[in-house]
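Participant: Pasting a structure here, questions to come.
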Amino acid sequence: MTILVTGATGTVGRHLVAHLLAAGHEVRALSRHPETAGLPDDVEVVRGDTTDVDSLAAAFAGATAAHLINFGHGYRPLDNGDQVAVAARRAGVGRVTLLGGWTEGTLEPAVRASGLAWTQLRPLEFMANTLADWGPPLRAHGVIREPHGDRRSALVHEADIAAVAATALTTDGHAGRTYTLTGPEALTPRDKVRHLATATGRDLRFEELTPDRARALWTAEPPALQLYRVAPGGPAEKADFVLGLYANVPATGSTVTDAVEQVTGRPARTFAHWAADHADAFR
């Protein structure tokens, strides 16, 4: 079967391509810039963009399944989800996985109403966000300075998201299911710093800021936090948005699920595992 992977050069997409190739499937990757995609030679890379439905005809043609992401440039939810769903259905795609971003866009309801066999993937927080959020400050001075240091998040390894997607795309029993994906534990920022210190062999520290101090710093010099970058408004509004989430983490954000093990048959990877894999990025 030929499987189309959108977002193939992204955090989850590269892992998904590798999973599918290892299982012997034909993989077609959608990329805005095929010449710099850097994917394995046996991947068919086609030029296209989910925000431009006219570019998707060749991508969907002959594909029996597709991995779709609900966001485009700047992590903004797609506003043409109905067109994407129609294009997939017309091309004969039978099975899709949907990877959501920060908020639900137009793609999820369009696919659910399309007649396609869909599986929705809802990771709570990517472990990979730690690279962009904490890599620069930890490399520079070995300290993470944030408010609400006791908040907890059930982060999930990006490779586990891909493993769930690969299973849902290639085996039966997942149509109409929504999987909330987490790792095996809910961690505080202090916990994460401790794991990174162990992985790197460095003396890394967490320093708690008061909310007022964090707001003053973030409005004067925007932080690397991905959540901050995608938050709405200007610096003050972004700071207030992130501070509000940090102070009131939804119960779902810190609730561990066993969805990864249910779908793939093996336990979800720990953050300690992820930290060991990426230790060089924090040295």
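We label chains A, B, ... in the order they appear in the structure tokens, count residues from 1 in each chain, and number ligands from 1 in the order shown.
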Taking the backbone alone, and naming residues the way the document does, which bits of stretch 44-177 of chain A are strand (DSSP E or B) by DSSP, as number ranges by chain?

Facilitator: A: 44-47, 49, 52, 65-69, 71, 77, 95-99, 117-123, 126, 143-147, 153, 156, 177

Participant: As a list in words, please: the residues near A:Ala163 (cut-off 9 Å, only C-alpha atoms, same-chain neighbours under 4 positions excluded).

Facilitator: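 The residues that qualify are His15, Leu16, His19, Leu20, Glu158, Ala159, Thr167, Ala168, Val260, Val263 and Thr264 of chain A.
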
Participant: Using only C-alpha atoms for the distances, tell me which of A:Glu125, A:Asp191, A:Glu185, A:Asp172 is nearest to A:Ile144.

Facilitator: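 Closest residue, counting only C-alpha atoms: A:Asp191.
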
Participant: Find the nearest atom pair between each residue of stretch 75-144 of chain A and stretch 224-235 of chain A for residues within 10 Å, count only C-alpha atoms, give distances in Å to one decimal, sort rows by chain and ascending number, and present the table as a Markdown table.

Facilitator:
| residue | atom | partner | partner_atom | distance |
| --- | --- | --- | --- | --- |
| A:Tyr75 | CA | A:Val230 | CA | 7.0 |
| A:Arg76 | CA | A:Val230 | CA | 8.1 |
| A:Trp102 | CA | A:Val230 | CA | 8.6 |
| A:Asn129 | CA | A:Gln226 | CA | 7.0 |
| A:Thr130 | CA | A:Leu225 | CA | 8.6 |
| A:Leu131 | CA | A:Leu225 | CA | 9.8 |
| A:Ala132 | CA | A:Ala224 | CA | 6.6 |
| A:Asp133 | CA | A:Leu225 | CA | 4.5 |
| A:Trp134 | CA | A:Ala224 | CA | 7.4 |
| A:Gly135 | CA | A:Ala224 | CA | 9.0 |
| A:Pro136 | CA | A:Ala224 | CA | 7.9 |
| A:Pro137 | CA | A:Ala224 | CA | 8.7 |

Participant: Run DSSP on the backbone and tell me which residues of stretch 24-204 of chain A come out as helix (DSSP H, G or I); list them as a ChimeraX atom specification.

Facilitator: /A:34-36,53-55,57-60,73-75,81-91,107-112,129-141,158-170,189-200

Participant: Excluding A:Glu108 and residues on its chain fewer than 5 positions from it, collect all residues at most 10 Å away from it, counting only C-alpha atoms, and give them as number ranges by chain.

Facilitator: A: 68-70, 78, 81-82, 85, 97-100, 113-114, 118-120

Participant: Show me, as a ChimeraX atom specification, the residues that have an atom within 9 Å of A:Thr51 when counting only C-alpha atoms, minus same-chain residues fewer than 6 positions from it.

Facilitator: /A:71-73,78-81,84

Participant: With N, CA and C atoms retained, export the selected residues as a JSON list (two decimals), in the first residue's frame.

Facilitator:
[["chain", "number", "residue", "atom", "x", "y", "z"],
["A", 71, "PHE", "N", -2.56, 21.59, 10.84],
["A", 71, "PHE", "CA", -2.04, 22.95, 10.87],
["A", 71, "PHE", "C", -1.11, 23.18, 9.69],
["A", 72, "GLY", "N", -0.97, 24.46, 9.32],
["A", 72, "GLY", "CA", -0.09, 24.84, 8.24],
["A", 72, "GLY", "C", 1.03, 25.73, 8.75],
["A", 73, "HIS", "N", 1.32, 26.79, 8.02],
["A", 73, "HIS", "CA", 2.40, 27.69, 8.38],
["A", 73, "HIS", "C", 2.17, 28.29, 9.77],
["A", 78, "LEU", "N", -5.61, 24.69, 9.84],
["A", 78, "LEU", "CA", -6.02, 24.83, 8.44],
["A", 78, "LEU", "C", -7.43, 25.43, 8.36],
["A", 79, "ASP", "N", -7.63, 26.29, 7.37],
["A", 79, "ASP", "CA", -8.97, 26.83, 7.16],
["A", 79, "ASP", "C", -9.63, 26.22, 5.93],
["A", 80, "ASN", "N", -8.98, 25.20, 5.33],
["A", 80, "ASN", "CA", -9.52, 24.57, 4.13],
["A", 80, "ASN", "C", -9.71, 23.06, 4.34],
["A", 81, "GLY", "N", -10.01, 22.68, 5.58],
["A", 81, "GLY", "CA", -10.12, 21.27, 5.89],
["A", 81, "GLY", "C", -11.14, 20.53, 5.05],
["A", 84, "VAL", "N", -9.53, 19.62, 1.75],
["A", 84, "VAL", "CA", -8.56, 18.53, 1.90],
["A", 84, "VAL", "C", -9.28, 17.20, 2.01]]

Participant: Within 10 Å of A:Leu116, counting only C-alpha atoms, which residues qualify if same-chain residues fewer than 2 places away don't, as a compact mmCIF listing (two decimals) with all heavy atoms, in the first residue's frame?

Facilitator:
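The result, written out as out33.txt:
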# COMPACT_ATOMS: atom_id res chain seq x y z
N ALA A 65 -3.82 5.31 1.99
CA ALA A 65 -3.95 5.86 3.34
C ALA A 65 -3.13 7.14 3.42
O ALA A 65 -2.22 7.35 2.60
CB ALA A 65 -3.48 4.85 4.39
N ALA A 85 -10.34 17.15 2.81
CA ALA A 85 -11.09 15.91 2.99
C ALA A 85 -11.72 15.45 1.68
O ALA A 85 -11.69 14.26 1.34
CB ALA A 85 -12.16 16.10 4.07
N VAL A 86 -12.28 16.38 0.92
CA VAL A 86 -12.89 16.03 -0.37
C VAL A 86 -11.83 15.51 -1.33
O VAL A 86 -12.05 14.51 -2.04
CB VAL A 86 -13.62 17.25 -0.96
CG1 VAL A 86 -13.98 17.00 -2.43
CG2 VAL A 86 -14.87 17.57 -0.16
N ALA A 88 -9.02 14.00 -0.65
CA ALA A 88 -8.61 12.67 -0.23
C ALA A 88 -9.65 11.63 -0.63
O ALA A 88 -9.32 10.56 -1.16
CB ALA A 88 -8.36 12.64 1.27
N ARG A 89 -10.90 11.94 -0.39
CA ARG A 89 -11.98 10.99 -0.70
C ARG A 89 -12.07 10.76 -2.21
O ARG A 89 -12.21 9.61 -2.66
CB ARG A 89 -13.29 11.55 -0.16
CG ARG A 89 -14.49 10.60 -0.33
CD ARG A 89 -14.34 9.37 0.56
NE ARG A 89 -15.39 8.40 0.31
CZ ARG A 89 -16.55 8.41 0.95
NH1 ARG A 89 -16.81 9.33 1.88
NH2 ARG A 89 -17.46 7.48 0.69
N GLY A 92 -9.58 8.33 -3.62
CA GLY A 92 -9.70 6.94 -3.22
C GLY A 92 -8.95 6.58 -1.95
O GLY A 92 -8.79 5.39 -1.65
N VAL A 93 -8.48 7.60 -1.22
CA VAL A 93 -7.85 7.32 0.06
C VAL A 93 -8.90 6.72 0.99
O VAL A 93 -10.01 7.23 1.09
CB VAL A 93 -7.27 8.62 0.67
CG1 VAL A 93 -6.75 8.36 2.08
CG2 VAL A 93 -6.17 9.17 -0.21
N GLY A 94 -8.54 5.63 1.66
CA GLY A 94 -9.53 4.97 2.51
C GLY A 94 -9.37 5.24 3.99
O GLY A 94 -10.34 5.29 4.74
N ARG A 95 -8.12 5.39 4.42
CA ARG A 95 -7.84 5.45 5.86
C ARG A 95 -6.93 6.64 6.14
O ARG A 95 -5.96 6.86 5.41
CB ARG A 95 -7.16 4.14 6.27
CG ARG A 95 -6.85 3.99 7.71
CD ARG A 95 -6.22 2.62 7.95
NE ARG A 95 -7.18 1.53 7.82
CZ ARG A 95 -6.85 0.24 7.81
NH1 ARG A 95 -5.59 -0.12 7.92
NH2 ARG A 95 -7.78 -0.69 7.70
N VAL A 96 -7.23 7.42 7.18
CA VAL A 96 -6.39 8.57 7.51
C VAL A 96 -6.17 8.64 9.02
O VAL A 96 -7.01 8.21 9.82
CB VAL A 96 -7.00 9.91 7.02
CG1 VAL A 96 -7.17 9.92 5.52
CG2 VAL A 96 -8.31 10.20 7.73
N THR A 97 -5.02 9.19 9.38
CA THR A 97 -4.79 9.61 10.75
C THR A 97 -4.74 11.13 10.77
O THR A 97 -4.25 11.76 9.83
CB THR A 97 -3.48 9.04 11.33
OG1 THR A 97 -2.40 9.28 10.41
CG2 THR A 97 -3.60 7.55 11.57
N ALA A 110 -14.27 18.03 9.20
CA ALA A 110 -14.47 17.70 7.79
C ALA A 110 -14.16 16.24 7.53
O ALA A 110 -14.90 15.55 6.81
CB ALA A 110 -13.61 18.61 6.91
N VAL A 111 -13.07 15.74 8.09
CA VAL A 111 -12.70 14.34 7.88
C VAL A 111 -13.69 13.42 8.57
O VAL A 111 -14.10 12.38 8.03
CB VAL A 111 -11.26 14.08 8.37
CG1 VAL A 111 -10.96 12.59 8.44
CG2 VAL A 111 -10.25 14.77 7.44
N ARG A 112 -14.11 13.78 9.79
CA ARG A 112 -15.06 12.93 10.50
C ARG A 112 -16.39 12.80 9.74
O ARG A 112 -17.07 11.79 9.85
CB ARG A 112 -15.30 13.48 11.91
CG ARG A 112 -14.10 13.34 12.84
CD ARG A 112 -14.50 13.57 14.29
NE ARG A 112 -14.91 14.94 14.55
CZ ARG A 112 -14.12 15.88 15.06
NH1 ARG A 112 -12.85 15.60 15.34
NH2 ARG A 112 -14.57 17.10 15.28
N ALA A 113 -16.74 13.84 8.98
CA ALA A 113 -17.99 13.82 8.24
C ALA A 113 -17.83 13.29 6.81
O ALA A 113 -18.82 13.18 6.08
CB ALA A 113 -18.58 15.24 8.18
N SER A 114 -16.62 12.94 6.42
CA SER A 114 -16.33 12.65 5.02
C SER A 114 -16.59 11.21 4.60
O SER A 114 -16.65 10.91 3.41
CB SER A 114 -14.86 12.95 4.74
OG SER A 114 -14.02 12.02 5.42
N TRP A 118 -11.20 7.31 9.80
CA TRP A 118 -10.26 8.23 10.45
C TRP A 118 -9.88 7.76 11.85
O TRP A 118 -10.65 7.09 12.53
CB TRP A 118 -10.87 9.64 10.55
CG TRP A 118 -12.18 9.68 11.27
CD1 TRP A 118 -13.42 9.61 10.72
CD2 TRP A 118 -12.38 9.80 12.69
NE1 TRP A 118 -14.39 9.67 11.69
CE2 TRP A 118 -13.78 9.79 12.91
CE3 TRP A 118 -11.53 9.92 13.78
CZ2 TRP A 118 -14.34 9.89 14.18
CZ3 TRP A 118 -12.08 10.03 15.07
CH2 TRP A 118 -13.46 10.01 15.25
N THR A 119 -8.67 8.12 12.24
CA THR A 119 -8.20 7.93 13.61
C THR A 119 -7.57 9.24 14.04
O THR A 119 -6.67 9.75 13.35
CB THR A 119 -7.17 6.81 13.72
OG1 THR A 119 -7.71 5.60 13.18
CG2 THR A 119 -6.76 6.59 15.18
N ALA A 175 -10.44 2.70 13.30
CA ALA A 175 -11.32 3.68 12.67
C ALA A 175 -12.32 4.23 13.68
O ALA A 175 -12.90 3.50 14.49
CB ALA A 175 -12.05 3.06 11.49
N GLY A 176 -12.47 5.57 13.64
CA GLY A 176 -13.41 6.23 14.53
C GLY A 176 -12.92 6.39 15.95
O GLY A 176 -13.67 6.81 16.83

Participant: Skipping near chain neighbours, those fewer than 4 positions away, what residues fall within 7 Å of stretch 219-221 of chain A using only C-alpha atoms, listed as a PyMOL selection string?

Facilitator: chain A and resi 215+235-236+239

Participant: Quick one: residues within 9 Å of A:Thr6, only C-alpha atoms counted, chain neighbours fewer than 6 positions away excluded, as a ChimeraX atom specification?

Facilitator: /A:13,28-31,49-50,66-69
